[in-house]
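A.B. asks: Have a look at the structure that comes next, please.
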Amino acid sequence: MLENIRLSFQGIWSHKMRSFLTMLGIIIGIASIISIVSTIKGTNEEIKNNLIGSGNNTVEIGLVQNGQTYWIYSSSDIPFGIPQVSDEVCDEIRALDSVENVTRYNYRMGGDSVYYQNESLSGVSMRGIDTNYFATAGYTIRKGRNFIEDDYKKFRKVLILDKTAADNLFPDTSPIGKTIEISKTPFTVVGVVELARHFEPVISSVEDYYLYANESSGYIYMPKASWPIVYNYDEPDSVIVRAVSTDDMEDAGQKTADILNKTISSSQTEVKYRADNILEQAQQLQDLSAATNNQLIWIASISLLVGGIGVMNIMLVSVTERTSEIGLKKAIGAKKGFILGQFLTEAAVLTSIGGIIGVATGIGMAQVINRISGVAVSISVPASAVAVLFSMLIGIVFGLLPSIKAANLDPIEALRRE
Amino acid sequence: MILKLDNIYKDYIQGKLVVPVLKDVCLHVEKGEYVAIMGPSGSGKSTLMNIIGCLDRPTSGSYELAGQDILRLSDRQLADVRLHRLGFVFQNFQLLPRMTALDNVALPLIYAGVHKKARRERAREALIRVGLEDRVTFNPTQLSGGQKQRVAIARAMVNQPDVLLADEPTGALDSKSSRQVMELFEKLNDEGVTVIMITHDSGIAGCAKRVVTIFDGELAERKEEVAQ
Ligand SMILES: Nc1ncnc2c1ncn2[C@@H]1O[C@H](COP(=O)(O)OP(=O)(O)OP(=O)(O)O)[C@@H](O)[C@H]1O
Ligand SMILES: [Mg+2]
């Protein structure tokens with residue numbers, strides 16, 4: 001076997017040009033597939049990193065009904081039987097092994113009732129937050145100050161903007177000290193926050209992903225205690241937990257949701273807490289990008305098929321060319337199986353080399369794609385190994401017919417040639 | 001008796017025509033004999049040789065080689081007979097051009113499953129026997145016709161066959177090289193190898209201890225002429 005492989009290399013080397021041209025189909029096919037796969041993998045990792053990897057390992061736990069996010073647009077949407085999350089429940093969540101920190105908040109989408117100097121700020125999200133919020137969600141104060149104990153105790157009408165909202169509303173001036181009206185109640189801006197890790201949007205759900213894709217108008221935060229001043233009712237809380245590590249996120253989310261669901265009145269059977277499954281959402285986005293690329297892989301496979309037929313053609317030529325060699329070998333005692341093995345090995349070695357060159361070319365192409373278009377690429381080692389094995393398989397499949405032809409040559413006929 | 005051919009017929013079918021090439025050929029060869037087969041072109045010498053060499057099957061007749069009924073063997077078993085019992089020498093040498101003399105000689109040992117180190121050793125010994133110890137690493141293109149034929153003889157002998165079969169071994173050689181090859185055959189025959197050789201050349205045939213002639217597919221002994 002080793003001997004066969006060595007002889008195959010010799011044969012391929014002695015016909016360098018022909019061997020290369022034969023391999024070309026395989027090289028092109030494998031290179032295309034590898035570069036496509038690398039791009040898919042790169043895109044997927046980018047999506048995953050964007051979703052999970054704002055790097056702060058936070059999981060949102062919110063209310064759902066029939067598996068859909070339960071949005072509160074007005075006080076009439078407030079579900080019954082769901083109490084606010086108490087300090088005791090908060091402590092219970094924080095005591096979980098997988099949880100580092102926890103925070104509660106109320107929210108409203110849109111900002112139709114928010115005005116600055118008679119201008120409606122639609123598109124802004126409102127959040128009423130507890131003292132832990134910025135620490136848990138991974139924000140730092142960029143200007144002004146954080147909310148303090150007194151803001152909560154005295155129900156102060158103060159606001160903190162995130163950087164996006166601040167930039168949108170006050171492009172030229174500092175927002176600190178400015179007054180924003182929410183439902184006709186004036187609030188004073190005391191601070192601006194920004195994500196601690198990096199300055200890109202935290203994408204923590206599919207909704208966020210599309211929201212940010214269409215450019216969000218940012219967030220406005222107020223102390224949770226002041227929320228009923230504007231919205232009149234104590235609303236059920238949403239919760240964010242920060243997990244100890246990325247691997248703990250699922251566990252943290254799951255257990256927190258379980259704890260919260262125990263607080264819900266037994267008569268409330270429709271609305272309950274559920275943790276965002278970020279991995280699942282990442283999967284959905286990845287599936288979307290993979291679907292288009294799968295078609296490209298099919299097209300590349302056609303090139304492999306053509307390459308395989310090319311291998312078969314050249315092997316047939318090679319068998320004809322080496323008729324007298326095959327005849328001699330059979331005459332002096334080589335069995336059919338040996339001749340068959342020899343030609344199959346040659347075909348497999350040829351296409352495997354083609355596969356290896358193809359993988360190398362594909363990796364190179366992926367890097368070029370990355371340079372030119374900025375699409376993220378990531379090289380997959382298993383995919384490369386499978387590609388080489390698959391090339392070998394092509395050699396064996398398409399080399400079979402020529403090899404059988406060689407093995408069945410009649411030595412008398414073969415020796416009479418020349 | 002190493003070789004026993006009886007009532008061998010061989011017909012070729014050409015379209016609807018049946019062409020008889022061998023007609024009732026009987027040939028018995030004792031172990032250690034040196035036989036030359038002579039005859040005009042087209043008389044069926046090569047056809048007979050292919051049957052003796054287990055490369056072809058007769059249309060009818062019987063063939064025993066070293067006590068084995070050859071005609072009952074499968075193709076696979078025939079390959080084994082060729083590998084272990086027979087050595088072949090061809091008019092045009094049939095060496096593989098991209099291999100060294102040593103690798104060419106070692107080729108049958110690969111099929112016999114001999115390990116690489118032993119292969120090289122035995123191939124080298126065989127080359128020494130034919131007087132080419134200084135041409136071991138040469139490619140066939142770097143050898144003269146006579147040297148090529150001696151490499152081919154080394155290859156035929158490397159597996160220690162019972163019978164050496166040669167179809168016009170000197171057909172492509174000049175007289176000096178031919179003489180060397182004949183000397184080699186004689187030496188091998190002296191060592192106990194049975195030799196069967198086809199030739200056109202009565203001078204070459206004279207080297208053999210026994211000459212048979214074939215005319216139009218019919219075999220005849222020519223003992224008297226050899227005696228002189
Ligand atoms: N495969 C075949 N099909 C039909 N006829 C064949 C075939 N092989 C050989 N013959 C015929 O058999 C006859 C004998 O051929 P063979 O090759 O045995 O002759 P030969 O004695 O070896 O001649 P030469 O001295 O020229 O080599 C020839 O007439 C040839 O045409
Ligand atoms: Mg002939």
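Convention: chains lettered A, B, ... in structure tokens order; per-chain residue numbering from 1; ligands numbered from 1 as shown.
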Counting only C-alpha atoms, which residues of chain B sit at most 7 Å from some atom of chain A, and what is each one's closest atom pair with its distance in Å to one decimal, listed by chain and rising residue number, as a Markdown table?

C.D. replies:
```
| residue | atom | partner | partner_atom | distance |
| --- | --- | --- | --- | --- |
| B:Leu55 | CA | A:Ile412 | CA | 6.8 |
| B:Arg76 | CA | A:Lys335 | CA | 6.4 |
| B:Ala79 | CA | A:Gly333 | CA | 4.7 |
| B:Asp80 | CA | A:Gly333 | CA | 6.0 |
| B:Arg82 | CA | A:Gly333 | CA | 5.2 |
| B:Leu83 | CA | A:Gly333 | CA | 4.1 |
| B:Phe88 | CA | A:Ile332 | CA | 6.9 |
| B:Gln94 | CA | A:Leu328 | CA | 6.7 |
| B:Leu96 | CA | A:Glu325 | CA | 6.7 |
| B:Pro108 | CA | A:Ile332 | CA | 6.4 |
| B:Tyr111 | CA | A:Ala334 | CA | 5.6 |
```

A.B. asks: Please list as a PyMOL selection string every residue within 6 Å of range 9-23 of chain B, counting only C-alpha atoms and excluding residues in the same chain fewer than 4 positions away.

C.D. replies: chain B and resi 44+58-60+217-218

A.B. asks: Please produce a file of those selected residues containing N, CA and C atoms, as an mmCIF file, in the first residue's frame.

C.D. replies:
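The result, stored in part31.cif:
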```cif
data_model
loop_
_atom_site.group_PDB
_atom_site.id
_atom_site.type_symbol
_atom_site.label_atom_id
_atom_site.label_comp_id
_atom_site.auth_asym_id
_atom_site.auth_seq_id
_atom_site.Cartn_x
_atom_site.Cartn_y
_atom_site.Cartn_z
ATOM 1 N N GLY B 44 2.677 -20.328 -35.200
ATOM 2 C CA GLY B 44 1.994 -20.591 -33.927
ATOM 3 C C GLY B 44 2.922 -20.719 -32.737
ATOM 4 N N PRO B 58 -5.872 -23.276 -24.116
ATOM 5 C CA PRO B 58 -6.106 -23.918 -25.414
ATOM 6 C C PRO B 58 -7.589 -24.182 -25.627
ATOM 7 N N THR B 59 -7.962 -24.382 -26.891
ATOM 8 C CA THR B 59 -9.358 -24.710 -27.183
ATOM 9 C C THR B 59 -9.673 -26.104 -26.644
ATOM 10 N N SER B 60 -8.697 -27.013 -26.787
ATOM 11 C CA SER B 60 -8.857 -28.324 -26.144
ATOM 12 C C SER B 60 -7.479 -28.932 -25.904
ATOM 13 N N GLY B 217 1.300 -24.903 -37.243
ATOM 14 C CA GLY B 217 0.586 -25.369 -36.060
ATOM 15 C C GLY B 217 0.842 -26.811 -35.688
ATOM 16 N N GLU B 218 1.743 -27.469 -36.410
ATOM 17 C CA GLU B 218 2.041 -28.866 -36.051
ATOM 18 C C GLU B 218 3.481 -28.998 -35.600
#
```

A.B. asks: Residues within 12 Å of ligand 2 (only C-alpha atoms and all ligand atoms), as a ChimeraX atom specification?

C.D. replies: /A:412,415-416 /B:37-50,90-92,166-169,171,197-200,214

A.B. asks: If we count only C-alpha atoms and set the cut-off at 8 Å, which residues sit around Ile196 in chain B, ignoring sequence neighbours fewer than 3 positions away in its own chain? Please answer as an mmCIF file with N, CA and C atoms, in the first residue's frame.

C.D. replies:
```
data_model
loop_
_atom_site.group_PDB
_atom_site.id
_atom_site.type_symbol
_atom_site.label_atom_id
_atom_site.label_comp_id
_atom_site.auth_asym_id
_atom_site.auth_seq_id
_atom_site.Cartn_x
_atom_site.Cartn_y
_atom_site.Cartn_z
ATOM 1 N N TYR B 34 16.629 -28.181 -21.927
ATOM 2 C CA TYR B 34 16.815 -26.894 -22.591
ATOM 3 C C TYR B 34 16.273 -27.072 -23.996
ATOM 4 N N VAL B 35 15.073 -26.523 -24.244
ATOM 5 C CA VAL B 35 14.359 -26.780 -25.490
ATOM 6 C C VAL B 35 14.261 -25.504 -26.320
ATOM 7 N N ALA B 36 14.569 -25.599 -27.620
ATOM 8 C CA ALA B 36 14.329 -24.480 -28.531
ATOM 9 C C ALA B 36 13.148 -24.837 -29.412
ATOM 10 N N ILE B 37 12.258 -23.851 -29.636
ATOM 11 C CA ILE B 37 11.141 -24.054 -30.558
ATOM 12 C C ILE B 37 11.414 -23.197 -31.780
ATOM 13 N N VAL B 163 10.614 -23.106 -14.563
ATOM 14 C CA VAL B 163 10.789 -23.045 -16.012
ATOM 15 C C VAL B 163 11.008 -21.598 -16.457
ATOM 16 N N LEU B 164 12.001 -21.415 -17.330
ATOM 17 C CA LEU B 164 12.243 -20.099 -17.913
ATOM 18 C C LEU B 164 11.717 -20.102 -19.341
ATOM 19 N N LEU B 165 10.786 -19.184 -19.649
ATOM 20 C CA LEU B 165 10.191 -19.125 -20.984
ATOM 21 C C LEU B 165 10.706 -17.880 -21.694
ATOM 22 N N ALA B 166 11.232 -18.063 -22.924
ATOM 23 C CA ALA B 166 11.783 -16.917 -23.634
ATOM 24 C C ALA B 166 11.285 -16.906 -25.068
#
```

A.B. asks: Please identify all polymer residues within 12 Å of Asn232 in chain A, counting only C-alpha atoms, omitting same-chain residues fewer than 3 positions from it, and present them as a list in words.

C.D. replies: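 Contacts, with the query itself left out: Ser74, Ser75, Ser76, Ile78, Ser183, Ala225, Ser226, Trp227, Pro228, Ile229 and Glu235 of chain A.
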
A.B. asks: Write out as a JSON list (two decimals) with N, CA, C and O atoms, in the first residue's frame the residues lying within 6 Å of range 18-25 of chain A, counting only C-alpha atoms and excluding same-chain residues fewer than 3 positions away.

C.D. replies:
```
[["chain", "number", "residue", "atom", "x", "y", "z"],
["A", 12, "ILE", "N", 2.61, 10.80, -10.70],
["A", 12, "ILE", "CA", 2.03, 12.14, -10.79],
["A", 12, "ILE", "C", 3.12, 13.16, -11.06],
["A", 12, "ILE", "O", 2.96, 14.07, -11.88],
["A", 15, "HIS", "N", 4.36, 13.39, -14.62],
["A", 15, "HIS", "CA", 3.45, 14.07, -15.55],
["A", 15, "HIS", "C", 2.89, 15.31, -14.87],
["A", 15, "HIS", "O", 1.67, 15.45, -14.73],
["A", 28, "ILE", "N", -10.60, 23.71, -7.96],
["A", 28, "ILE", "CA", -11.56, 24.82, -8.02],
["A", 28, "ILE", "C", -12.78, 24.51, -7.17],
["A", 28, "ILE", "O", -13.23, 25.34, -6.37],
["A", 307, "GLY", "N", -14.81, 17.89, -12.19],
["A", 307, "GLY", "CA", -13.44, 17.51, -11.86],
["A", 307, "GLY", "C", -13.29, 16.00, -11.81],
["A", 307, "GLY", "O", -12.33, 15.44, -12.33],
["A", 311, "VAL", "N", -10.94, 13.46, -13.99],
["A", 311, "VAL", "CA", -10.03, 12.46, -13.44],
["A", 311, "VAL", "C", -10.25, 11.12, -14.15],
["A", 311, "VAL", "O", -9.31, 10.44, -14.56],
["A", 354, "GLY", "N", -5.10, 17.24, -5.06],
["A", 354, "GLY", "CA", -5.98, 18.31, -5.56],
["A", 354, "GLY", "C", -6.79, 18.91, -4.42],
["A", 354, "GLY", "O", -6.93, 20.13, -4.31]]
```

A.B. asks: Set the distance at 8 Å and use only C-alpha atoms: which residues neighbour range 218-224 of chain A once local chain neighbours fewer than 3 positions away are removed? I'd like the list as a list in words.

C.D. replies: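 The residues that qualify are Tyr105, Asn106, Gly123, Val124, Ser125, Met126, Arg127, Gly128, Ile129, Asp130, Thr131, Phe147, Asp151, Tyr152, Phe155, Arg156, Lys157, Val158, Leu159, Ile160, Leu161, Asp162, Lys163, Thr164, Ala165, Ala166 and Trp227 of chain A.
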
A.B. asks: Kindly export the residues of the current selection with N, CA and C atoms, as a PDB file, in the first residue's frame.

C.D. replies:
```pdb
ATOM      1  N   TYR A 105     -36.524  46.156  35.945  1.00  0.00           N
ATOM      2  CA  TYR A 105     -36.896  47.400  35.265  1.00  0.00           C
ATOM      3  C   TYR A 105     -38.288  47.290  34.662  1.00  0.00           C
ATOM      4  N   ASN A 106     -38.883  48.467  34.404  1.00  0.00           N
ATOM      5  CA  ASN A 106     -40.118  48.535  33.623  1.00  0.00           C
ATOM      6  C   ASN A 106     -39.770  49.203  32.305  1.00  0.00           C
ATOM      7  N   GLY A 123     -39.729  56.547  18.865  1.00  0.00           N
ATOM      8  CA  GLY A 123     -38.623  55.619  18.626  1.00  0.00           C
ATOM      9  C   GLY A 123     -37.730  55.448  19.828  1.00  0.00           C
ATOM     10  N   VAL A 124     -37.866  56.306  20.825  1.00  0.00           N
ATOM     11  CA  VAL A 124     -37.041  56.152  22.027  1.00  0.00           C
ATOM     12  C   VAL A 124     -37.693  55.121  22.944  1.00  0.00           C
ATOM     13  N   SER A 125     -36.886  54.275  23.573  1.00  0.00           N
ATOM     14  CA  SER A 125     -37.424  53.314  24.535  1.00  0.00           C
ATOM     15  C   SER A 125     -37.267  53.868  25.942  1.00  0.00           C
ATOM     16  N   MET A 126     -38.315  53.689  26.737  1.00  0.00           N
ATOM     17  CA  MET A 126     -38.307  54.160  28.124  1.00  0.00           C
ATOM     18  C   MET A 126     -38.037  52.985  29.044  1.00  0.00           C
ATOM     19  N   ARG A 127     -37.202  53.234  30.068  1.00  0.00           N
ATOM     20  CA  ARG A 127     -37.027  52.186  31.075  1.00  0.00           C
ATOM     21  C   ARG A 127     -37.016  52.802  32.460  1.00  0.00           C
ATOM     22  N   GLY A 128     -37.779  52.174  33.376  1.00  0.00           N
ATOM     23  CA  GLY A 128     -37.702  52.550  34.780  1.00  0.00           C
ATOM     24  C   GLY A 128     -36.853  51.509  35.482  1.00  0.00           C
ATOM     25  N   ILE A 129     -35.733  51.938  36.050  1.00  0.00           N
ATOM     26  CA  ILE A 129     -34.734  50.952  36.484  1.00  0.00           C
ATOM     27  C   ILE A 129     -34.435  51.032  37.967  1.00  0.00           C
ATOM     28  N   ASP A 130     -33.950  49.933  38.530  1.00  0.00           N
ATOM     29  CA  ASP A 130     -33.512  49.962  39.926  1.00  0.00           C
ATOM     30  C   ASP A 130     -32.028  50.347  39.985  1.00  0.00           C
ATOM     31  N   THR A 131     -31.484  50.431  41.188  1.00  0.00           N
ATOM     32  CA  THR A 131     -30.124  50.958  41.366  1.00  0.00           C
ATOM     33  C   THR A 131     -29.039  50.070  40.764  1.00  0.00           C
ATOM     34  N   PHE A 147     -28.123  57.481  39.152  1.00  0.00           N
ATOM     35  CA  PHE A 147     -29.200  57.721  40.123  1.00  0.00           C
ATOM     36  C   PHE A 147     -28.674  57.404  41.514  1.00  0.00           C
ATOM     37  N   ASP A 151     -32.876  59.847  44.851  1.00  0.00           N
ATOM     38  CA  ASP A 151     -33.731  59.919  43.662  1.00  0.00           C
ATOM     39  C   ASP A 151     -34.904  58.961  43.814  1.00  0.00           C
ATOM     40  N   TYR A 152     -34.629  57.809  44.414  1.00  0.00           N
ATOM     41  CA  TYR A 152     -35.670  56.806  44.602  1.00  0.00           C
ATOM     42  C   TYR A 152     -36.575  57.179  45.769  1.00  0.00           C
ATOM     43  N   PHE A 155     -38.703  60.184  45.061  1.00  0.00           N
ATOM     44  CA  PHE A 155     -39.422  60.132  43.782  1.00  0.00           C
ATOM     45  C   PHE A 155     -39.047  61.278  42.865  1.00  0.00           C
ATOM     46  N   ARG A 156     -37.751  61.544  42.751  1.00  0.00           N
ATOM     47  CA  ARG A 156     -37.301  62.672  41.936  1.00  0.00           C
ATOM     48  C   ARG A 156     -37.557  62.408  40.462  1.00  0.00           C
ATOM     49  N   LYS A 157     -37.860  63.466  39.754  1.00  0.00           N
ATOM     50  CA  LYS A 157     -38.119  63.342  38.328  1.00  0.00           C
ATOM     51  C   LYS A 157     -36.818  63.609  37.573  1.00  0.00           C
ATOM     52  N   VAL A 158     -35.969  62.599  37.550  1.00  0.00           N
ATOM     53  CA  VAL A 158     -34.658  62.731  36.898  1.00  0.00           C
ATOM     54  C   VAL A 158     -34.515  61.641  35.819  1.00  0.00           C
ATOM     55  N   LEU A 159     -33.674  61.900  34.828  1.00  0.00           N
ATOM     56  CA  LEU A 159     -33.474  60.965  33.711  1.00  0.00           C
ATOM     57  C   LEU A 159     -31.992  60.746  33.448  1.00  0.00           C
ATOM     58  N   ILE A 160     -31.688  59.582  32.945  1.00  0.00           N
ATOM     59  CA  ILE A 160     -30.360  59.330  32.379  1.00  0.00           C
ATOM     60  C   ILE A 160     -30.571  58.855  30.937  1.00  0.00           C
ATOM     61  N   LEU A 161     -29.795  59.380  29.988  1.00  0.00           N
ATOM     62  CA  LEU A 161     -29.916  58.967  28.583  1.00  0.00           C
ATOM     63  C   LEU A 161     -28.766  58.032  28.240  1.00  0.00           C
ATOM     64  N   ASP A 162     -29.038  57.128  27.309  1.00  0.00           N
ATOM     65  CA  ASP A 162     -27.875  56.408  26.787  1.00  0.00           C
ATOM     66  C   ASP A 162     -27.258  57.247  25.681  1.00  0.00           C
ATOM     67  N   LYS A 163     -26.082  56.856  25.227  1.00  0.00           N
ATOM     68  CA  LYS A 163     -25.308  57.705  24.320  1.00  0.00           C
ATOM     69  C   LYS A 163     -26.079  57.977  23.032  1.00  0.00           C
ATOM     70  N   THR A 164     -26.778  56.943  22.538  1.00  0.00           N
ATOM     71  CA  THR A 164     -27.516  57.105  21.285  1.00  0.00           C
ATOM     72  C   THR A 164     -28.596  58.168  21.438  1.00  0.00           C
ATOM     73  N   ALA A 165     -29.373  58.052  22.514  1.00  0.00           N
ATOM     74  CA  ALA A 165     -30.438  59.026  22.746  1.00  0.00           C
ATOM     75  C   ALA A 165     -29.845  60.417  22.936  1.00  0.00           C
ATOM     76  N   ALA A 166     -28.757  60.497  23.696  1.00  0.00           N
ATOM     77  CA  ALA A 166     -28.132  61.797  23.953  1.00  0.00           C
ATOM     78  C   ALA A 166     -27.659  62.424  22.645  1.00  0.00           C
ATOM     79  N   TRP A 227     -41.576  55.729  38.062  1.00  0.00           N
ATOM     80  CA  TRP A 227     -42.357  55.175  36.936  1.00  0.00           C
ATOM     81  C   TRP A 227     -43.862  55.413  37.105  1.00  0.00           C
TER      82      TRP A 227
END
```
